[in-house]
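To keep things clear, I will list the structure first and then write my remarks on it.
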Amino acid sequence: MFSYKFQWNQAFARLPQMLDGALITMQIAILSMVLGILLAIVLTVFRRSGSRVLSGIATSWVEIARNTPALFQIYMAHFGVATFGIHFNPFTSLLIGITFNNAGYLAENFRGALKAIPETQTRAGRSLGMTSNQAFGYIMLPQMLRIAFLPMTNQMVWAILMTSLGVTVGMSTDLYGVTQALNALTFRTFELFALAGVVFYVIVKLIQFAARLIAMRLFRY
Amino acid sequence: MIEIEKVHKSFGQLKVLKGIDLRVAKGEVLSVIGGSGSGKSTLLTCINGLEPIDSGRILVDGTEVHAKSTDLNKLRRKIGIVFQQWNAFPHLTVVENVMLAQRKVLGRSKPEAEAEAVRQLSHVGLGDKLKVYPSRLSGGQQQRMAIARALAMSPHYMLFDEVTSALDPQLVGEVLDTLRMLAAEGMTMICVTHEMKFAREVSDRVAFFHKGVMAEIAAPAELFGAPKSEELRAFLSATH
Amino acid sequence: MIEIEKVHKSFGQLKVLKGIDLRVAKGEVLSVIGGSGSGKSTLLTCINGLEPIDSGRILVDGTEVHAKSTDLNKLRRKIGIVFQQWNAFPHLTVVENVMLAQRKVLGRSKPEAEAEAVRQLSHVGLGDKLKVYPSRLSGGQQQRMAIARALAMSPHYMLFDEVTSALDPQLVGEVLDTLRMLAAEGMTMICVTHEMKFAREVSDRVAFFHKGVMAEIAAPAELFGAPKSEELRAFLSATH
Amino acid sequence: MFDTALTSSDFLFLARGAGMTLLVTAISVVLGTCLGIACGIFRFQVGPWWAAPMTFLLDIFRSIPLLIQLVLVNAFLGMVLKLKISGFSVACGVLTLYTAAYCAEIVRGAIEAVPGTTRRAARSLGLTWWQDMTSIVLPLATRVALPSWIGLALGVMKDSALVYIVQVTELLKATQILITRLQEPLLLLMICGLFYFVISFPLARLGGYLERRWSND
Amino acid sequence: DKLDDIISSGTLRCAVVLDFPPMGSRDADNNPIGFDVDYCNDLAKALGVTAEIVETPFPERIPALMSGQVDVGVASTSDTLERAKTVGFSVPYFAFEMVVTASDKSGIKSFDDMKGKTVGATAGTFEAIALEKQVTEWGAGEFRPYQTQADVFLALSQGQLDATVSTSTVAQANVKTGNYPGIAVVGKAPFDIDYVALFTNRDEYGFINYLNLFVNQQVRTGRYAELFEKWVGGEVPSLTVPNAYR
Ligand SMILES: Nc1ncnc2c1ncn2[C@@H]1O[C@H](COP(=O)(O)OP(=O)(O)OP(=O)(O)O)[C@@H](O)[C@H]1O
Ligand SMILES: Nc1ncnc2c1ncn2[C@@H]1O[C@H](COP(=O)(O)OP(=O)(O)OP(=O)(O)O)[C@@H](O)[C@H]1O
Ligand SMILES: [Mg+2]
Ligand SMILES: [Mg+2]
């Protein structure tokens, strides 16, 4: 039916290289998620701080992260900031871009989650003699992370998918970068990218599965 | 001793407390009754400094609550408070709920805090629910856990804000029994309550609040037996 | 006339109706009482064809409800039904709630439908709430709106499924009064209810359901006065 | 800072890129939403079991990078099937399916959020399935879905930056072309970012506002 | 076949890389210009059709052909044997020498100085593949492939890269524009001469034949030298390899 001859062995022969790339992809995604969560917590604290400067910084961050393309953010992290003489290697640029994006989206999720926690929880903590920081850290924060767990899982998936944008800043060791390099060598575009797609799909499903396990262990209440 | 002197408090335009004067002595059990919105809850949250006041002052063991120099976090350890809405920390087990503030506020070691938690929980009859999450508890059990949580801080005073009013009728009894037990043990308590029978039996004195004013205060026999004001009479007949 | 003949119905393994035989004549008011899960609600939803049945048949004015050839949407116009849970359409005002089905199902013009809606709403005492959204109504008002909505379709029969059981006690009265009024006007009605007093006063006959079987049916005086079966006696004593 | 080599024709070039971004977005969002609604209703109507193949298919669009989707579809249509299809059509096609995949989930969730009792009440008044769908479910589900849908549409607009891979010169690609010639990356990127922001920000705010307003009643 | 299809459709769609001056770039009105653009126009004229320039980044050249977006690649594509497994190449229509371009700050003066430095090239090109291999061999330094030639020079002038290897024509042209201050061509890269060819689908023998003759005619008629003079200047490189047939 097709005159096109699939050469799947060409793609499968390169699978080990692609799996190495997949490891880098996971590494970036996980790092950007951990940093993103920490930064999002900081942004959340900033936004609640009542200081106009801090909440202004946080709000700008959140709005820029949510209202411009991720590709733009990554491109900016490499070529944009270089105008000021600040140089990041592709790995770092990609990490910064994705982390910036993650932190913005997560901060917004955290804000929604905090709204869902009754004010009486803080009151209960305060009346036991906790400082407001203690009440936030030990009472609000854990509950917030639980409520925002599903959005966090989704963000993790997006982080994985966003790593594919690294090629625009010279990234060549992640899954997409490796696939593109192999494509330049062999031009088996369809086979290579189909295989890469399957690898991405498997990674995403693994993450969703792991998230479910984690949720089951962490959130027994 | 808790001394409340000419306390005024408003939320925006709304005057909620209009000059309250009240003393609660060591070991006394005071019940506070009154219509909805009369300022009862607000008074309690002013006593432990969760809310600022407009004028007047509140002294707890001689320390002025709303003075700038007062370390509120330290003061609050003396004053346990339990609210109407259950406010268990849902992400912690029952025993962890009771341990948290002990460890973070009093700096107790884990075994110490745990031993105290187990003691207090057994005291209120929850010795068999230690590892359970609050969502698995009935409302009455949650309230008793909140009481144990407050007691674990070894407070000198306990404030209760309608701790039974969100409970199903059959659960009210077990919580009131816990309060009775505390009263019998000599704890100084202020109980905002709608349970007239409880107020009558347990309290040394009963205060009646009406629109931000403490309209009457007397021993229960006197207050319920011979209400002086028209408002109290109306209130008492409505609650029967 | 509603004729129910040997109706069996199950959900999966669970047999919910086990051979129900029942006739409701024009103008009759039948109350159905019975324990939770005895199949009362299921019977009502079978009568208007919202649920299929396993065997037996149900005839409404001679039309077999579950026959393939029956146009259910047409049949349902004859049978008004009001459920326990308020199910106002929240995106429509009260008057629009009552107009919707008139316009879509009966094809009435807007003024016609509106006139009828106003008439029925005034009838149930909601003449002053026409432009209000249901979220602003009390539970009792929402139930009366649901009744008006059903009545606006000029049904021949009305089925009521515990219309008062989700209401606060003080709101129950106004809804029951509306039902009384309908009964007095000669509407044929089947009322599933937990209000024994209402069943006794208003019904021509009362049916007692127990575990999917119609255990007894009789005039209220007889049924309440001299319950034959052990189950009914137990049920009646439990509801007092 | 503003002494720039940017000429008016360059702005026109950027504007054409922006126009392309909006065009691709509009086509994909409109078609994708229609398809997504159909899939969402189908999914709700037949239940998770029967819809499993469709759910699986749509899930793929949410589980692999959009770049790979574009490259793959482009390669499949052109290399394997040897169809002559413009990059623009490929971009719109893939983004349509991408939109539909997310939209179907939103729609299903929104329909599930309409209480069964309300729908029962409608049916027992004699409304047909279709009348119930249009008069009751649609307006109620819309309230639930609209805020998320606005988010989705904006997401598609931002993700449309990736269609450069199939030779469509949208805004970000146009910006890169100008950077190549003019060597003013920061200024050009700022202009580009500002454009996305100016479109996205107010709409996102509107979504948030609607969500707040409708969750109150 | 394809030759007939092109003639009957009336347009020839060429894949051209437009951030690769002087082979392909854009003028002040953002219209495509360059050697490859003119070459495509010549080919179209020979076929009696109009040319349509489709801009393709380096990594997308062959996918664009394979997916039917273009009819022929006039895109400075090296005729490697690996690639010839997928597409059909004409005889070479241009030849590049590889040179090293470095930023002044890096202190790189020759190819060997690049060892241990951060170097880059355009992803998917002949020189990128060779340079990456070299970096791996050296076992020191970092190699970064960027999506476009422009990104490479941008990174170089921003100081993100220390040096790059590119075709001499491209390097010269880029340095000449003055867009990238602080960079200079510092020497030759010891890579083979990079012969580039037109390409189309592997099985379109008729069209490939036509392309071969067209390349030959361009040289014969002097048009090749004319275009070389216009866009590059200097000594016209030979397109044949001594002692071998092609
Ligand atoms: N945080 C607040 N902000 C604004 N107004 C408040 C706040 N808290 C309480 N109020 C108002 O102050 C008044 C007194 O409230 P308070 O809760 O003290 O009454 P209460 O006597 O405890 O009533 P109830 O028996 O209903 O609990 C009420 O009118 C209430 O609406
Ligand atoms: N859609 C359904 N699917 C499965 N089981 C159902 C369904 N609807 C009802 N049942 C089951 O059928 C039985 C009878 O339910 P039904 O609602 O008819 O009882 P009822 O007499 O109306 O009780 P109640 O007084 O609590 O309303 C119950 O055990 C119920 O769980
Ligand atoms: Mg109160
Ligand atoms: Mg029922």
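Chain identifiers are assigned as A, B, and so on, following the order in which chains appear in the structure tokens; residues are numbered from 1 within each chain, and ligands are numbered from 1 in order of appearance.
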
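Using only C-alpha atoms and all ligand atoms, residues with at least one atom at most 6 Å away from any atom of ligand 2 are C:Phe11, C:Val16, C:Gly35, C:Ser36, C:Gly37, C:Ser38, C:Gly39, C:Lys40, C:Ser41, C:Thr42.
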
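Surrounding segment 60-76 of chain C within 6 Å are Met1, Ile2 and Asn48 of chain C; Ser124 and Gly126 of chain D, with only C-alpha atoms counted and residues fewer than 5 positions along the same chain left out.
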
Contacts to ligand 1 at 10 Å cut-off (only C-alpha atoms and all ligand atoms) as a ChimeraX atom specification: /B:9-17,32-46,51,83-84,161-162,165,192-194,209-212

Write a file of the just-selected residues containing N, CA, C and O atoms, as a tab-separated table (two decimals), in the first residue's frame.
```
chain	number	residue	atom	x	y	z
B	9	LYS	N	-14.46	46.35	71.27
B	9	LYS	CA	-13.90	45.70	70.07
B	9	LYS	C	-14.90	45.87	68.94
B	9	LYS	O	-16.10	45.66	69.12
B	10	SER	N	-14.44	46.29	67.78
B	10	SER	CA	-15.35	46.34	66.63
B	10	SER	C	-14.69	45.77	65.39
B	10	SER	O	-13.47	45.77	65.27
B	11	PHE	N	-15.52	45.26	64.52
B	11	PHE	CA	-15.07	44.86	63.18
B	11	PHE	C	-15.56	45.94	62.22
B	11	PHE	O	-16.75	46.00	61.94
B	12	GLY	N	-14.66	46.77	61.74
B	12	GLY	CA	-15.09	47.87	60.89
B	12	GLY	C	-16.07	48.74	61.65
B	12	GLY	O	-15.78	49.23	62.74
B	13	GLN	N	-17.27	48.92	61.09
B	13	GLN	CA	-18.29	49.74	61.72
B	13	GLN	C	-18.98	49.03	62.89
B	13	GLN	O	-19.54	49.65	63.77
B	14	LEU	N	-18.94	47.68	62.78
B	14	LEU	CA	-19.76	46.87	63.68
B	14	LEU	C	-19.15	46.75	65.07
B	14	LEU	O	-18.07	46.19	65.23
B	15	LYS	N	-19.84	47.30	66.09
B	15	LYS	CA	-19.34	47.16	67.46
B	15	LYS	C	-19.76	45.81	68.00
B	15	LYS	O	-20.96	45.53	68.12
B	16	VAL	N	-18.78	45.00	68.32
B	16	VAL	CA	-19.08	43.63	68.72
B	16	VAL	C	-19.01	43.47	70.23
B	16	VAL	O	-19.82	42.78	70.84
B	17	LEU	N	-18.04	44.11	70.84
B	17	LEU	CA	-17.96	44.10	72.31
B	17	LEU	C	-18.01	45.54	72.79
B	17	LEU	O	-17.25	46.39	72.34
B	32	VAL	N	-20.68	30.97	79.38
B	32	VAL	CA	-21.17	32.18	78.72
B	32	VAL	C	-22.29	31.77	77.79
B	32	VAL	O	-22.13	30.86	76.96
B	33	ILE	N	-23.44	32.39	77.95
B	33	ILE	CA	-24.57	32.10	77.06
B	33	ILE	C	-25.00	33.39	76.39
B	33	ILE	O	-24.57	34.48	76.78
B	34	GLY	N	-25.81	33.28	75.36
B	34	GLY	CA	-26.26	34.48	74.68
B	34	GLY	C	-26.60	34.18	73.23
B	34	GLY	O	-26.19	33.15	72.68
B	35	GLY	N	-27.34	35.08	72.62
B	35	GLY	CA	-27.82	34.87	71.25
B	35	GLY	C	-26.68	34.88	70.24
B	35	GLY	O	-25.56	35.28	70.54
B	36	SER	N	-27.01	34.48	69.04
B	36	SER	CA	-26.02	34.45	67.98
B	36	SER	C	-25.57	35.88	67.66
B	36	SER	O	-26.38	36.80	67.61
B	37	GLY	N	-24.28	36.08	67.49
B	37	GLY	CA	-23.75	37.39	67.15
B	37	GLY	C	-23.60	38.31	68.34
B	37	GLY	O	-23.29	39.49	68.18
B	38	SER	N	-23.77	37.78	69.56
B	38	SER	CA	-23.69	38.66	70.72
B	38	SER	C	-22.25	38.92	71.14
B	38	SER	O	-22.01	39.67	72.07
B	39	GLY	N	-21.29	38.28	70.50
B	39	GLY	CA	-19.89	38.60	70.78
B	39	GLY	C	-19.17	37.59	71.64
B	39	GLY	O	-18.03	37.83	72.04
B	40	LYS	N	-19.76	36.45	71.86
B	40	LYS	CA	-19.16	35.47	72.76
B	40	LYS	C	-17.84	34.93	72.19
B	40	LYS	O	-16.82	34.92	72.87
B	41	SER	N	-17.90	34.50	70.92
B	41	SER	CA	-16.68	33.95	70.31
B	41	SER	C	-15.61	35.01	70.23
B	41	SER	O	-14.42	34.73	70.46
B	42	THR	N	-16.01	36.21	69.88
B	42	THR	CA	-15.04	37.29	69.76
B	42	THR	C	-14.31	37.49	71.08
B	42	THR	O	-13.09	37.68	71.10
B	43	LEU	N	-15.03	37.45	72.19
B	43	LEU	CA	-14.39	37.64	73.49
B	43	LEU	C	-13.29	36.60	73.69
B	43	LEU	O	-12.17	36.92	74.10
B	44	LEU	N	-13.59	35.34	73.39
B	44	LEU	CA	-12.59	34.29	73.59
B	44	LEU	C	-11.35	34.55	72.74
B	44	LEU	O	-10.22	34.40	73.22
B	45	THR	N	-11.56	34.91	71.47
B	45	THR	CA	-10.38	35.12	70.61
B	45	THR	C	-9.61	36.36	71.03
B	45	THR	O	-8.42	36.47	70.74
B	46	CYS	N	-10.27	37.30	71.74
B	46	CYS	CA	-9.53	38.43	72.28
B	46	CYS	C	-8.69	37.99	73.48
B	46	CYS	O	-7.57	38.48	73.68
B	51	GLU	N	-7.33	38.12	68.28
B	51	GLU	CA	-7.91	39.35	67.75
B	51	GLU	C	-7.40	40.52	68.59
B	51	GLU	O	-7.31	40.40	69.81
B	83	PHE	N	-12.42	25.25	69.41
B	83	PHE	CA	-13.44	25.99	68.67
B	83	PHE	C	-14.62	25.11	68.32
B	83	PHE	O	-14.56	23.88	68.38
B	84	GLN	N	-15.66	25.80	67.85
B	84	GLN	CA	-16.87	25.12	67.42
B	84	GLN	C	-16.60	24.20	66.22
B	84	GLN	O	-16.92	23.03	66.23
B	161	ASP	N	-15.41	27.11	72.84
B	161	ASP	CA	-16.39	27.90	72.08
B	161	ASP	C	-17.42	27.00	71.42
B	161	ASP	O	-17.21	26.47	70.34
B	162	GLU	N	-18.54	26.84	72.11
B	162	GLU	CA	-19.63	26.01	71.58
B	162	GLU	C	-19.13	24.71	71.00
B	162	GLU	O	-19.44	24.36	69.86
B	165	SER	N	-21.85	22.41	69.42
B	165	SER	CA	-23.01	22.83	68.63
B	165	SER	C	-22.98	22.33	67.19
B	165	SER	O	-23.98	22.38	66.50
B	192	VAL	N	-18.26	28.86	76.33
B	192	VAL	CA	-19.39	29.41	75.60
B	192	VAL	C	-20.25	28.23	75.21
B	192	VAL	O	-19.75	27.26	74.63
B	193	THR	N	-21.51	28.25	75.54
B	193	THR	CA	-22.32	27.06	75.28
B	193	THR	C	-23.78	27.39	75.04
B	193	THR	O	-24.27	28.45	75.44
B	194	HIS	N	-24.46	26.50	74.34
B	194	HIS	CA	-25.90	26.59	74.17
B	194	HIS	C	-26.61	25.53	75.02
B	194	HIS	O	-27.83	25.42	74.98
B	209	PHE	N	-24.60	37.16	77.58
B	209	PHE	CA	-24.22	38.24	76.66
B	209	PHE	C	-25.39	38.62	75.80
B	209	PHE	O	-26.15	37.78	75.34
B	210	HIS	N	-25.51	39.93	75.57
B	210	HIS	CA	-26.57	40.38	74.67
B	210	HIS	C	-26.07	41.58	73.89
B	210	HIS	O	-25.73	42.60	74.47
B	211	LYS	N	-25.97	41.43	72.60
B	211	LYS	CA	-25.53	42.52	71.72
B	211	LYS	C	-24.26	43.20	72.20
B	211	LYS	O	-24.19	44.43	72.32
B	212	GLY	N	-23.27	42.40	72.55
B	212	GLY	CA	-21.97	42.98	72.89
B	212	GLY	C	-21.85	43.45	74.32
B	212	GLY	O	-20.82	43.99	74.72
```

Chain A residues near chain E (12 Å cut-off, only C-alpha atoms) as a PyMOL selection string: chain A and resi 3-7+10+75+78-91+93+165-173+177-193

Interface list for chain E, partner chain D, 9 Å threshold, only C-alpha atoms, as a ChimeraX atom specification: /E:18-19,25-30,54-57,60,63-69,149-151,153-154,179-180

With N, CA, C and O atoms retained, could you export that selection as a CSV table (one decimal), in the first residue's frame?
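File result_5.csv, as written:
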```
chain,number,residue,atom,x,y,z
E,18,LEU,N,17.7,29.9,5.0
E,18,LEU,CA,17.8,31.4,4.8
E,18,LEU,C,18.6,32.1,5.9
E,18,LEU,O,18.5,33.3,6.0
E,19,ASP,N,19.2,31.3,6.8
E,19,ASP,CA,20.1,32.0,7.7
E,19,ASP,C,21.5,31.6,7.5
E,19,ASP,O,22.3,31.3,8.4
E,25,SER,N,19.8,34.1,2.7
E,25,SER,CA,19.5,35.0,3.8
E,25,SER,C,18.3,35.8,3.4
E,25,SER,O,17.6,35.6,2.4
E,26,ARG,N,18.0,36.9,4.2
E,26,ARG,CA,16.9,37.8,3.9
E,26,ARG,C,17.4,39.2,3.7
E,26,ARG,O,18.3,39.6,4.4
E,27,ASP,N,16.8,39.9,2.8
E,27,ASP,CA,17.2,41.3,2.7
E,27,ASP,C,16.4,42.2,3.6
E,27,ASP,O,15.7,41.7,4.5
E,28,ALA,N,16.6,43.5,3.5
E,28,ALA,CA,16.0,44.4,4.5
E,28,ALA,C,14.5,44.3,4.5
E,28,ALA,O,13.8,44.7,5.5
E,29,ASP,N,13.9,43.9,3.4
E,29,ASP,CA,12.4,43.7,3.4
E,29,ASP,C,12.1,42.2,3.7
E,29,ASP,O,10.9,41.8,3.5
E,30,ASN,N,13.0,41.5,4.3
E,30,ASN,CA,12.8,40.1,4.7
E,30,ASN,C,12.5,39.2,3.5
E,30,ASN,O,11.8,38.2,3.7
E,54,VAL,N,11.0,27.8,-0.1
E,54,VAL,CA,10.5,27.4,1.2
E,54,VAL,C,11.6,27.4,2.2
E,54,VAL,O,12.6,26.7,2.1
E,55,GLU,N,11.5,28.2,3.2
E,55,GLU,CA,12.6,28.3,4.2
E,55,GLU,C,12.6,27.1,5.1
E,55,GLU,O,11.6,26.7,5.7
E,56,THR,N,13.7,26.4,5.2
E,56,THR,CA,13.8,25.3,6.1
E,56,THR,C,15.1,25.4,6.9
E,56,THR,O,16.1,25.7,6.4
E,57,PRO,N,15.0,25.2,8.3
E,57,PRO,CA,16.2,25.2,9.1
E,57,PRO,C,17.0,24.0,8.7
E,57,PRO,O,16.4,23.0,8.1
E,60,GLU,N,15.7,20.5,9.2
E,60,GLU,CA,14.4,20.2,8.6
E,60,GLU,C,14.5,20.0,7.1
E,60,GLU,O,13.4,19.9,6.5
E,63,PRO,N,13.6,16.2,6.0
E,63,PRO,CA,12.2,16.0,6.4
E,63,PRO,C,11.2,16.8,5.5
E,63,PRO,O,10.2,16.3,5.1
E,64,ALA,N,11.6,18.0,5.2
E,64,ALA,CA,10.7,18.8,4.4
E,64,ALA,C,10.5,18.2,3.0
E,64,ALA,O,9.4,18.1,2.4
E,65,LEU,N,11.6,17.6,2.4
E,65,LEU,CA,11.5,17.0,1.1
E,65,LEU,C,10.6,15.7,1.3
E,65,LEU,O,9.7,15.4,0.5
E,66,MET,N,11.0,14.9,2.3
E,66,MET,CA,10.4,13.6,2.5
E,66,MET,C,8.9,13.8,2.8
E,66,MET,O,8.1,12.9,2.4
E,67,SER,N,8.5,14.8,3.4
E,67,SER,CA,7.1,15.0,3.7
E,67,SER,C,6.4,15.8,2.6
E,67,SER,O,5.2,16.2,2.8
E,68,GLY,N,7.1,16.0,1.5
E,68,GLY,CA,6.4,16.5,0.3
E,68,GLY,C,6.2,18.0,0.4
E,68,GLY,O,5.4,18.6,-0.4
E,69,GLN,N,6.8,18.7,1.4
E,69,GLN,CA,6.7,20.2,1.4
E,69,GLN,C,7.4,20.8,0.3
E,69,GLN,O,7.1,22.0,-0.1
E,149,GLN,N,22.2,28.5,11.7
E,149,GLN,CA,23.6,29.1,11.6
E,149,GLN,C,23.6,30.4,12.3
E,149,GLN,O,24.6,30.8,13.0
E,150,ALA,N,22.5,31.1,12.3
E,150,ALA,CA,22.4,32.4,12.9
E,150,ALA,C,22.5,32.3,14.4
E,150,ALA,O,23.3,33.1,15.1
E,151,ASP,N,21.9,31.3,15.0
E,151,ASP,CA,22.0,31.1,16.4
E,151,ASP,C,23.5,30.8,16.8
E,151,ASP,O,24.0,31.2,17.9
E,153,PHE,N,26.2,32.0,15.3
E,153,PHE,CA,27.0,33.2,15.3
E,153,PHE,C,26.6,34.1,16.4
E,153,PHE,O,27.4,34.8,17.0
E,154,LEU,N,25.3,34.1,16.7
E,154,LEU,CA,24.7,34.9,17.8
E,154,LEU,C,25.4,34.4,19.1
E,154,LEU,O,25.9,35.2,19.9
E,179,ASN,N,27.6,42.5,11.9
E,179,ASN,CA,26.6,42.2,12.9
E,179,ASN,C,27.1,41.6,14.1
E,179,ASN,O,26.5,41.7,15.2
E,180,TYR,N,28.2,40.9,14.0
E,180,TYR,CA,28.8,40.2,15.1
E,180,TYR,C,30.1,40.7,15.4
E,180,TYR,O,31.2,40.3,14.9
```

Interface, chain D side, toward chain A (9 Å; only C-alpha atoms) as number ranges by chain: D: 60, 62-69, 71-76, 79-82, 154-155, 157-162, 172, 184-187, 189-190, 192-201, 204

Chain C contacts to chain D at 8 Å (only C-alpha atoms) as a ChimeraX atom specification: /C:48,50,72-77,79-83,85,87-91,101,104-105,135,150,153

I need the residues from that last selection saved to file as a short mmCIF file (atom, residue, chain, number, x, y, z; two decimals), in the first residue's frame (with N, CA and C atoms), if you can.
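Resulting contents of selection-v9.cif:
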```cif
data_model
loop_
_atom_site.label_atom_id
_atom_site.label_comp_id
_atom_site.auth_asym_id
_atom_site.auth_seq_id
_atom_site.Cartn_x
_atom_site.Cartn_y
_atom_site.Cartn_z
N ASN C 48 -42.97 6.45 35.68
CA ASN C 48 -42.84 7.38 34.55
C ASN C 48 -41.74 6.98 33.58
N LEU C 50 -38.59 6.32 33.85
CA LEU C 50 -37.18 6.73 33.96
C LEU C 50 -36.30 5.50 34.17
N LEU C 72 -42.23 7.84 25.34
CA LEU C 72 -42.09 8.15 26.77
C LEU C 72 -42.16 9.65 27.04
N ASN C 73 -41.56 10.43 26.15
CA ASN C 73 -41.58 11.86 26.39
C ASN C 73 -43.00 12.41 26.41
N LYS C 74 -43.84 11.79 25.59
CA LYS C 74 -45.24 12.21 25.56
C LYS C 74 -45.96 11.76 26.83
N LEU C 75 -45.69 10.50 27.19
CA LEU C 75 -46.34 9.95 28.38
C LEU C 75 -45.98 10.75 29.63
N ARG C 76 -44.73 11.16 29.69
CA ARG C 76 -44.26 11.82 30.91
C ARG C 76 -44.95 13.15 31.15
N ARG C 77 -45.51 13.71 30.09
CA ARG C 77 -46.24 14.97 30.30
C ARG C 77 -47.44 14.77 31.20
N ILE C 79 -47.54 12.76 33.67
CA ILE C 79 -47.14 12.36 35.02
C ILE C 79 -46.13 13.36 35.57
N GLY C 80 -46.59 14.17 36.50
CA GLY C 80 -45.64 15.07 37.15
C GLY C 80 -44.93 14.33 38.25
N ILE C 81 -43.65 14.63 38.44
CA ILE C 81 -42.94 13.96 39.55
C ILE C 81 -42.05 14.99 40.24
N VAL C 82 -42.02 14.93 41.56
CA VAL C 82 -41.17 15.83 42.34
C VAL C 82 -40.32 14.97 43.26
N PHE C 83 -39.02 15.25 43.27
CA PHE C 83 -38.09 14.38 44.00
C PHE C 83 -37.72 14.97 45.36
N GLN C 85 -34.54 15.37 46.59
CA GLN C 85 -33.52 16.41 46.43
C GLN C 85 -34.11 17.51 45.56
N ASN C 87 -34.34 19.85 42.76
CA ASN C 87 -33.60 19.86 41.52
C ASN C 87 -34.06 20.97 40.60
N ALA C 88 -34.03 22.14 41.17
CA ALA C 88 -34.24 23.34 40.37
C ALA C 88 -33.14 23.42 39.33
N PHE C 89 -33.45 24.03 38.19
CA PHE C 89 -32.41 24.30 37.20
C PHE C 89 -31.74 25.61 37.62
N PRO C 90 -30.50 25.54 38.10
CA PRO C 90 -29.93 26.71 38.77
C PRO C 90 -29.65 27.89 37.85
N HIS C 91 -29.58 27.63 36.54
CA HIS C 91 -29.23 28.72 35.62
C HIS C 91 -30.46 29.47 35.14
N ALA C 101 -40.07 23.61 30.26
CA ALA C 101 -40.65 22.39 29.68
C ALA C 101 -41.93 22.71 28.91
N LYS C 104 -40.56 23.81 25.54
CA LYS C 104 -39.84 22.80 24.75
C LYS C 104 -40.71 21.58 24.49
N VAL C 105 -41.50 21.19 25.48
CA VAL C 105 -42.23 19.93 25.35
C VAL C 105 -43.63 20.15 24.79
N SER C 135 -31.08 29.63 43.70
CA SER C 135 -30.13 29.62 44.82
C SER C 135 -30.55 30.59 45.92
N ALA C 150 -44.01 21.07 37.79
CA ALA C 150 -44.68 19.86 37.33
C ALA C 150 -46.14 20.15 36.97
N MET C 153 -47.40 21.54 33.52
CA MET C 153 -47.52 20.66 32.37
C MET C 153 -48.92 20.03 32.33
#
```

d(atom CA of Asp128 of chain B, atom CA of Arg126 of chain A) in Å: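 Going from atom CA of Asp128 of chain B over to atom CA of Arg126 of chain A, I get 27.6 Å.
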
Residues within 8 Å of segment 163-174 of chain E, only C-alpha atoms, excluding chain neighbours under 5 positions, as number ranges by chain: E: 20-23, 96-103, 106, 108, 114, 117-121, 127-128, 131, 152-153, 156, 179-180, 185, 189, 232

Check: which chain A residues lie within 12 Å of chain B using only C-alpha atoms, as JSON, numbers by chain: {"A": [117, 118, 119, 120, 121, 122, 123, 124, 125, 126, 127, 128, 129, 130, 131, 132, 133, 134, 135, 137, 138, 139, 140, 141, 142, 143, 144, 145, 146, 147, 218, 219, 220, 221]}

Backbone DSSP call of alpha helix (DSSP H) for segment 3-192 of chain C, listed as a PyMOL selection string: chain C and resi 40-47+72-78+94-104+110-123+139-151+169-184

Would you list the contacts of Ala100 of chain D as an mmCIF file with C-alpha atoms, in the first residue's frame, taking every protein, DNA or RNA residue within 10 Å and counting only C-alpha atoms, but skipping same-chain residues closer than 5 positions in sequence?
```cif
data_model
loop_
_atom_site.group_PDB
_atom_site.id
_atom_site.type_symbol
_atom_site.label_atom_id
_atom_site.label_comp_id
_atom_site.auth_asym_id
_atom_site.auth_seq_id
_atom_site.Cartn_x
_atom_site.Cartn_y
_atom_site.Cartn_z
ATOM 1 C CA SER D 28 -7.239 24.902 15.865
ATOM 2 C CA VAL D 29 -9.238 26.107 18.833
ATOM 3 C CA VAL D 30 -12.503 26.276 16.908
ATOM 4 C CA LEU D 31 -12.125 22.894 15.233
ATOM 5 C CA GLY D 32 -10.513 21.298 18.276
ATOM 6 C CA THR D 33 -13.282 22.503 20.563
ATOM 7 C CA CYS D 34 -15.991 21.066 18.305
ATOM 8 C CA LEU D 35 -14.161 17.761 18.114
ATOM 9 C CA GLY D 36 -13.424 17.853 21.834
ATOM 10 C CA ILE D 37 -17.072 18.448 22.704
ATOM 11 C CA ALA D 38 -18.116 15.529 20.521
ATOM 12 C CA CYS D 39 -15.490 13.269 22.094
ATOM 13 C CA GLY D 40 -16.315 14.479 25.603
ATOM 14 C CA LEU D 58 -6.513 11.327 22.837
ATOM 15 C CA PHE D 61 -1.679 13.866 22.361
ATOM 16 C CA VAL D 94 -2.105 18.589 14.885
ATOM 17 C CA LEU D 95 -3.057 21.533 17.071
ATOM 18 C CA GLU D 105 -11.470 16.012 29.333
ATOM 19 C CA ILE D 106 -12.817 19.443 30.214
ATOM 20 C CA VAL D 107 -16.167 18.661 28.613
ATOM 21 C CA LEU D 152 -6.796 25.804 27.102
#
```
